[in-house]
Amino acid sequence: MTKFKGYFCLLLHAHLPFVRHPEEEYFLEENWLYETITETYIPLIEVFERLIKNKVNFRITMSLTPTLVSMLTDQFLQDRYLRHINKLIELAQKEIERTAHQSHFHDLALMYHCRLQKAKELFAGKYKRNIISAFKNFQDMGYLEIIACCATHGFLPLLSVNHSDVRAQINIGVEYYTKTFGRPPRGIWLPECGYYPGIDKFLKEAGIRYFFLDSHGILNADPVPRYSVYAPIYCPTGVAAFGRDWESSKQVWSSKEGYPGDPDYREYYKDIGHELDYEYIKPYIHPCGIRINTGLKYWRITGKGPGKEVYAPDRAKNKAEMHAENFIFSRQKQIENLNTHMDRRPIITAPYDAELFGHWWFEGPMWIEFLAKKIFYDQDTISMITPSEYLHEYSTNQMSLPSASSWGYKGYNEFWVEGSNDWLYRHLHKAGERMKELAGKFRGYLEKSNKSIYKRALNQAARELLLAQASDWAFIMRTGTTVSYAHKRIKLHINRFTKIYDDMLKGPVDREWLKGIESKDNIFSSLDCAKYYLEEFCPNFSQFKKKKNRKFKATGRKTLRIRQ
Amino acid sequence: MTKKIKTAPRTYKGGREAKAISAGRKLFSKHPKERSKTNKIKLGKVRGSKVKKIRVKKILKKISPVAVKKNKAFNRGMKKGALFLKSRKFKPAKRSVKRKAKSILNSAGQKVIVDKKPPLEDHELPLTYNITNIKLLVKDPFWIYAYWEISASSIESLRKNTAKEDIGKAKITLRIYDVTLREINVNNADSYFDIEVSQYTGNWYIKLRSDCACYIVDIGLKLPEGRFFTLARSNYVQIPPRGYSGRTEQIWMEVPDKNSEPIHTMARLCYYERSKVKPQIKAIKTVDITEEDIKHYYSNLNSSLKDIIASRISGICGTGEYLFFLEGGSDWEREKLFSWLPEDFFMRRIRLEASQELVIFGQRETAADIFSGGSDFLQNKAKKNISGLT
């Protein structure tokens with residue numbers, strides 16, 4: 001490791017809001033999940049598999065949010081995904097026939113068919129519908145470091161009015177991670193990089209070692225950090241904060257200069273779901289006739305004008321390779337420059353939305369593969385690293401208090417509190433207060449068995465509150481797409497919460513109804529969410545440790561027997 | 001009351017069931033005041049006759065819906081009995097059979113619950129929660145978002161305490177206090193400014209005068225002559241800075257990989273008293289600047305680290321002339337400590353010298369390493385600083 005001059009930390013943040021509607025046969029917004037499974041998560045798994053097979057020693061950090069994990073492990077949604085991908089394969093077959101006399105399109109149709117078949121095989125066959133187990137494997141093998149995220153991706157700076165809300169978001173996220181991946185998380189991704197001084201206290205309580213911030217969160221820290229964003233800083237509580245490097249993020253993110261906008265890459269906005277004849281495409285779009293993206297796209301970006309050319313996979317592949325090379329070259333130069341100013345090896349942290357790779361930028365996973373390979377084989381300047389490895393190497397860092405910040409528009413909280421969405425905080429905060437009140441009053445029931453109706457109602461109330469707090473709703477209201485759905489969800493969860501609150505305090509708890517919504521909003525059904533709202537709640541990992549010890553003992557005996 | 005109850009057992013005859021029901025009837029047919037006294041004994045009897053509570057419940061279910069409806073009083077009594085048996089800390093609300101019975105009646109044989117209300121999805125969120133409060137959210141270094149609600153009762157209570165005419169003229173006003181580097185107390189505020197708002201608005205984006213500050217907002221009624229009646233006080237918000245920090249001191253900290261090990265940050269001071277004849281050591285006391293102090297410093301709630309040190313020192317020494325000697329230490333470190341101390345300390349002619357021990361931060365071993373040559377960079381910087389001073 002010593003020969004390297006610096007480190008590069010690639011972080012993929014995978015998140016989708018919790019969308020699950022068993023009450024309807026087809027639900028438009030559920031497609032968000034299905035599209036990203038096919039286009040992002042499965043291609044990423046394939047990339048990691050290939051890299052491991054080729055013995056490339058790579059390191060990637062990934063955050064899988066609890067909402068995403070619970071959707072990916074939900075049996076109902078898994079069944080629906082299979083239905084979805086079967087339909088797509090059928091469409092791809094039809095496309096092969098339709099394009100029989102157009103060679104360019106025919107090749108593409110074949111490619112899509114092959115990809116979809118492979119994806120189905122991987123999903124249903126190899127990983128038995130649970131692709132989270134794939135990521136868990138990569139983590140256990142040491143290539144991937146998965147970090148936790150807040151329970152429902154609540155934007156913490158705007159929930160900070162009630163400390164109990166912030167605490168519950170963090171601790172539920174951490175506990176859900178521990179249950180899913182079998183060990184407590186080392187780091188956490190703060191939703192939208194939303195930080196305010198004081199969060200670190202809750203993070204430390206939850207046993208978190210590090211988190212990530214946007215560049216100005218570190219640059220404006222007090223006192224001024226000596227190494228800028230190229231080394232972590234410690235908050236006064238000792239939790240480390242890694243800053244985002246703006247140069248590397250600009251190269252990928254920027255809509256103008258960024259790689260994904262290259263003319264050779266696939267065009268996202270021209271999809272056969274929108275282009276082909278209605279009668280032909282009808283079975284593969286929404287039954288109401290709403291045209292949707294099918295994922296089969298035949299065009300490349302070409303240029304700014306409306307005229308598009310046919311997508312050429314080979315050209316795109318070459319471009320991805322070139323871009324990976326260019327990216328590494330830029331990082332090398334950056335690190336060589338940093339070496340003259342720093343007395344230690346710098347770390348360049350580059351966080352991206354995982355959905356960018358594959359879903360928006362079709363060649364993204366390919367680019368990651370080239371990047372990892374080239375970093376491993378072709379040069380000696382940089383090495384990939386995970387944050388916890390870096391902290392292990394450099395456990396002494398500067399102490400400084402990061403500035404409140406987010407990675408949203410203008411760098412602060414503006415995107416989530418402005419004219420279109422500011423009205424909802426009144427309700428969220430009130431509900432948060434009420435949740436704390438409920439947890440306090442009915443604390444005796446939290447120790448009872450899971451059949452107790454009051455315990456069930458309490459936990460469901462907490463789940464409804466958490467779902468309402470998701471930052472996605474405010475985000476959607478601001479961006480202006482599918483706003484009515486976001487409004488509906490906020491109203492739904494707040495109303496459900498209020499009904500439980502009223503029922504518990506005034507009238508009888510409606511058992512039938514509660515059973516119904518328990519099966520609908522079934523996120524965190526394995527956790528007692530309400531206990532995190534108690535004032536005296538203190539996270540405790542001792543139980544987990546005990547379990548692990550037991551396992552160890554059991555295996556120890558077995559090995560002994562074999563030796564005998 | 002007794003007549004209605006009689007109808008219930010008619011559907012059942014003989015056996016334990018009849019016994020149970022008659023026991024239940026006896027239990028709850030009495031006047032409520034008497035009931036509380038006798039319940040215990042009677043329940044005991046029910047148990048004695050081997051008819052358990054669960055048994056009674058089962059019977060209730062078997063009774064036809066019509067009978068259940070007629071026997072509201074019986075049911076209510078039954079429920080009370082059940083609760084009495086359990087005796088919980090917090091009494092949960094009674095579970096009424098009324099609603100269930102309704103659903104069964106409506107279904108006419110089929111298990112369908114008919115709800116008259118529209119589905120929850122379509123309910124609008126409440127416009128008010130009937131409370132008086134105000135909450136602040138930080139938007140960016142220049143703006144705060146405030147939302148509030150004023151209930152009629154809180155204005156009413158204010159009206160009782162003041163002359164009627166005054167309240168009529170009063171206007172709803174937001175008073176924004178700047179409490180930067182102060183304890184969270186409005187009386188300590190550096191300054192404040194007012195914004196008059198209409199009675200019909202519930203929120204406001206407040207333009208701030210300075211970034212990197214802390215604010216509290218009161219909402220209240222302001223009379224024309226200037227008197228201000230507070231109705232509610234907001235939460236405390238900290239506005240982020242819009243640029244780099246002014247502080248450049250470097251504090252290093254080691255956090256080992258195991259979370260269980262504590263982080264300690266220390267500083268130590270010894271002090272001497274100067275007598276006119278000969279300097280004599282009066283006492284050596286150590287001032288430990290702990291993790292807590294550093295947290296206070298960086299949480300911005302307390303003024304600053306230098307004030308903490310200053311208050312600690314004055315706490316030991318009181319007023320008067322003192323001399324602080326601290327063994328060792330370079331000029332650079334001494335200078336650093338001087339820069340932390342408030343100016344009025346120099347006014348009191350207190351000399352202060354820093355030692356290596358004093359400004360050790362982080363875990364002792366590694367920190368010492370850093371300051372005495374562990375890091376080339378830091379040493380160079382220290383040399384530069386020293387050369388700059390001399």
# chains A, B, ... in the order shown; residues from 1 in each chain; ligands from 1

$ closest_atom_pairs --of "chain A" --to "chain B" --cutoff "6 Å" --atoms "only C-alpha atoms" --output "JSON lines"
{"residue": "A:Asn220", "atom": "CA", "partner": "B:Tyr244", "partner_atom": "CA", "distance": 4.5}
{"residue": "A:Asp222", "atom": "CA", "partner": "B:Ser245", "partner_atom": "CA", "distance": 5.2}
{"residue": "A:Pro223", "atom": "CA", "partner": "B:Arg247", "partner_atom": "CA", "distance": 4.6}
{"residue": "A:Val224", "atom": "CA", "partner": "B:Thr248", "partner_atom": "CA", "distance": 5.4}
{"residue": "A:Pro236", "atom": "CA", "partner": "B:Lys295", "partner_atom": "CA", "distance": 5.6}
{"residue": "A:Ser395", "atom": "CA", "partner": "B:Glu254", "partner_atom": "CA", "distance": 5.5}
{"residue": "A:Thr396", "atom": "CA", "partner": "B:Glu254", "partner_atom": "CA", "distance": 4.0}
{"residue": "A:Asn397", "atom": "CA", "partner": "B:Met253", "partner_atom": "CA", "distance": 5.6}
{"residue": "A:Gln398", "atom": "CA", "partner": "B:Trp252", "partner_atom": "CA", "distance": 4.4}
{"residue": "A:Met399", "atom": "CA", "partner": "B:Ile251", "partner_atom": "CA", "distance": 5.5}
{"residue": "A:Ser403", "atom": "CA", "partner": "B:Pro240", "partner_atom": "CA", "distance": 5.8}
{"residue": "A:Ala404", "atom": "CA", "partner": "B:Pro240", "partner_atom": "CA", "distance": 5.4}
{"residue": "A:Tyr412", "atom": "CA", "partner": "B:Asp140", "partner_atom": "CA", "distance": 5.3}
{"residue": "A:Asn413", "atom": "CA", "partner": "B:Lys139", "partner_atom": "CA", "distance": 4.9}
{"residue": "A:Glu414", "atom": "CA", "partner": "B:Lys139", "partner_atom": "CA", "distance": 5.1}
{"residue": "A:Leu492", "atom": "CA", "partner": "B:Glu121", "partner_atom": "CA", "distance": 5.0}
{"residue": "A:Gly507", "atom": "CA", "partner": "B:Ala93", "partner_atom": "CA", "distance": 5.7}
{"residue": "A:Pro508", "atom": "CA", "partner": "B:Arg95", "partner_atom": "CA", "distance": 4.7}

$ select_by_dssp --residues "segment 139-215 of chain B" --states "helix (DSSP H, G or I)" --output "list in words"
Ala152, Ser153, Ser154, Ile155, Glu156, Ser157, Leu158, Arg159, Lys160, Asn161, Lys164, Glu165, Asp166, Ile167, Gly168, Lys169, Val186, Asn187 and Asn188 of chain B

$ write_last_selection --atoms "N, CA and C atoms" --output "compact mmCIF listing (two decimals), in the first residue's frame"
# COMPACT_ATOMS: atom_id res chain seq x y z
N ALA B 152 -57.30 30.92 19.81
CA ALA B 152 -58.13 32.01 20.31
C ALA B 152 -58.01 32.13 21.83
N SER B 153 -57.85 31.01 22.48
CA SER B 153 -57.85 31.03 23.95
C SER B 153 -56.65 31.79 24.50
N SER B 154 -55.51 31.70 23.80
CA SER B 154 -54.33 32.38 24.34
C SER B 154 -54.48 33.90 24.23
N ILE B 155 -55.13 34.36 23.17
CA ILE B 155 -55.38 35.80 23.06
C ILE B 155 -56.40 36.21 24.12
N GLU B 156 -57.36 35.33 24.33
CA GLU B 156 -58.40 35.59 25.32
C GLU B 156 -57.79 35.77 26.72
N SER B 157 -56.85 34.89 27.03
CA SER B 157 -56.24 34.96 28.36
C SER B 157 -55.44 36.25 28.52
N LEU B 158 -54.87 36.68 27.39
CA LEU B 158 -54.12 37.94 27.44
C LEU B 158 -55.08 39.11 27.66
N ARG B 159 -56.23 38.99 27.04
CA ARG B 159 -57.23 40.06 27.13
C ARG B 159 -57.68 40.27 28.57
N LYS B 160 -57.74 39.19 29.31
CA LYS B 160 -58.17 39.31 30.71
C LYS B 160 -57.20 40.14 31.52
N ASN B 161 -55.94 40.01 31.19
CA ASN B 161 -54.91 40.66 32.00
C ASN B 161 -54.66 42.11 31.62
N LYS B 164 -58.91 46.40 27.60
CA LYS B 164 -59.50 45.95 26.35
C LYS B 164 -59.07 46.79 25.15
N GLU B 165 -59.03 48.09 25.36
CA GLU B 165 -58.73 48.99 24.23
C GLU B 165 -57.35 48.68 23.64
N ASP B 166 -56.44 48.43 24.55
CA ASP B 166 -55.07 48.19 24.10
C ASP B 166 -54.98 46.98 23.17
N ILE B 167 -55.61 45.91 23.59
CA ILE B 167 -55.52 44.68 22.80
C ILE B 167 -56.15 44.86 21.42
N GLY B 168 -57.20 45.64 21.37
CA GLY B 168 -57.84 45.91 20.09
C GLY B 168 -56.90 46.53 19.09
N LYS B 169 -56.03 47.41 19.59
CA LYS B 169 -55.11 48.11 18.68
C LYS B 169 -53.85 47.28 18.37
N VAL B 186 -33.55 35.17 26.28
CA VAL B 186 -33.86 36.37 25.52
C VAL B 186 -33.32 37.62 26.21
N ASN B 187 -33.23 37.59 27.53
CA ASN B 187 -32.73 38.77 28.24
C ASN B 187 -31.29 39.07 27.89
N ASN B 188 -30.58 38.03 27.45
CA ASN B 188 -29.18 38.20 27.10
C ASN B 188 -28.98 38.70 25.68

$ closest_residue --among "A:Ser400, A:Ser255, A:Ser525, A:Thr349" --to "Asp200 of chain A" --atoms "only C-alpha atoms"
A:Ser400

$ residues_around --residues "Thr65 of chain A" --least-positions-apart "4" --cutoff "12 Å" --atoms "only C-alpha atoms" --output "ChimeraX atom specification"
/A:12-18,69-72,132,146-154,169-170,172-174,176-177,180,188-192,353-354,470

$ residues_around --residues "Ala462 of chain A" --least-positions-apart "5" --cutoff "8 Å" --atoms "only C-alpha atoms" --output "PyMOL selection string"
chain A and resi 435+497+529-530

$ closest_residue --among "A:His113, A:Arg266, A:Lys455, A:Arg331" --to "Ile382 of chain A" --atoms "only C-alpha atoms"
A:Arg331

$ residues_around --residues "Lys5 of chain A" --least-positions-apart "2" --cutoff "7 Å" --atoms "only C-alpha atoms" --output "PyMOL selection string"
chain A and resi 3+335+345+381-382

$ write_last_selection --atoms "N, CA, C and O atoms" --output "short mmCIF file (atom, residue, chain, number, x, y, z; two decimals), in the first residue's frame"
data_model
loop_
_atom_site.label_atom_id
_atom_site.label_comp_id
_atom_site.auth_asym_id
_atom_site.auth_seq_id
_atom_site.Cartn_x
_atom_site.Cartn_y
_atom_site.Cartn_z
N LYS A 3 3.28 2.28 -1.73
CA LYS A 3 3.74 2.93 -2.95
C LYS A 3 2.75 3.97 -3.48
O LYS A 3 3.13 4.84 -4.27
N ILE A 335 -3.89 14.34 -7.22
CA ILE A 335 -3.18 13.80 -6.07
C ILE A 335 -1.73 14.24 -6.06
O ILE A 335 -1.18 14.59 -5.01
N ARG A 345 -1.17 11.04 2.87
CA ARG A 345 -1.83 10.69 1.62
C ARG A 345 -3.26 11.24 1.61
O ARG A 345 -4.03 10.97 2.54
N THR A 381 -0.28 5.46 -8.76
CA THR A 381 -0.45 6.71 -8.00
C THR A 381 -1.58 6.62 -7.00
O THR A 381 -1.45 7.03 -5.86
N ILE A 382 -2.72 6.11 -7.47
CA ILE A 382 -3.87 6.09 -6.57
C ILE A 382 -4.33 4.66 -6.30
O ILE A 382 -4.11 3.75 -7.09
#

$ closest_residue --among "A:Ile494, A:Ala324, A:Val417, A:Leu91" --to "Arg478 of chain A" --atoms "only C-alpha atoms"
A:Val417

$ atom_distance --atom1 "atom CA of Asp165 of chain A" --atom2 "atom CA of Leu428 of chain A"
9.6 Å

$ closest_residue --among "A:Trp32, A:Tyr445, A:Phe58, A:Phe475" --to "Ala372 of chain A" --atoms "only C-alpha atoms"
A:Phe58

$ residues_around --residues "Phe48 of chain A" --least-positions-apart "2" --cutoff "9 Å" --atoms "only C-alpha atoms" --output "MDAnalysis selection string"
chainID A and resid 43:46 50:53 58 138 143:144 369

$ select_by_dssp --residues "segment 199-290 of chain A" --states "strand (DSSP E)" --output "ChimeraX atom specification"
/A:210-213,233-234,240-243
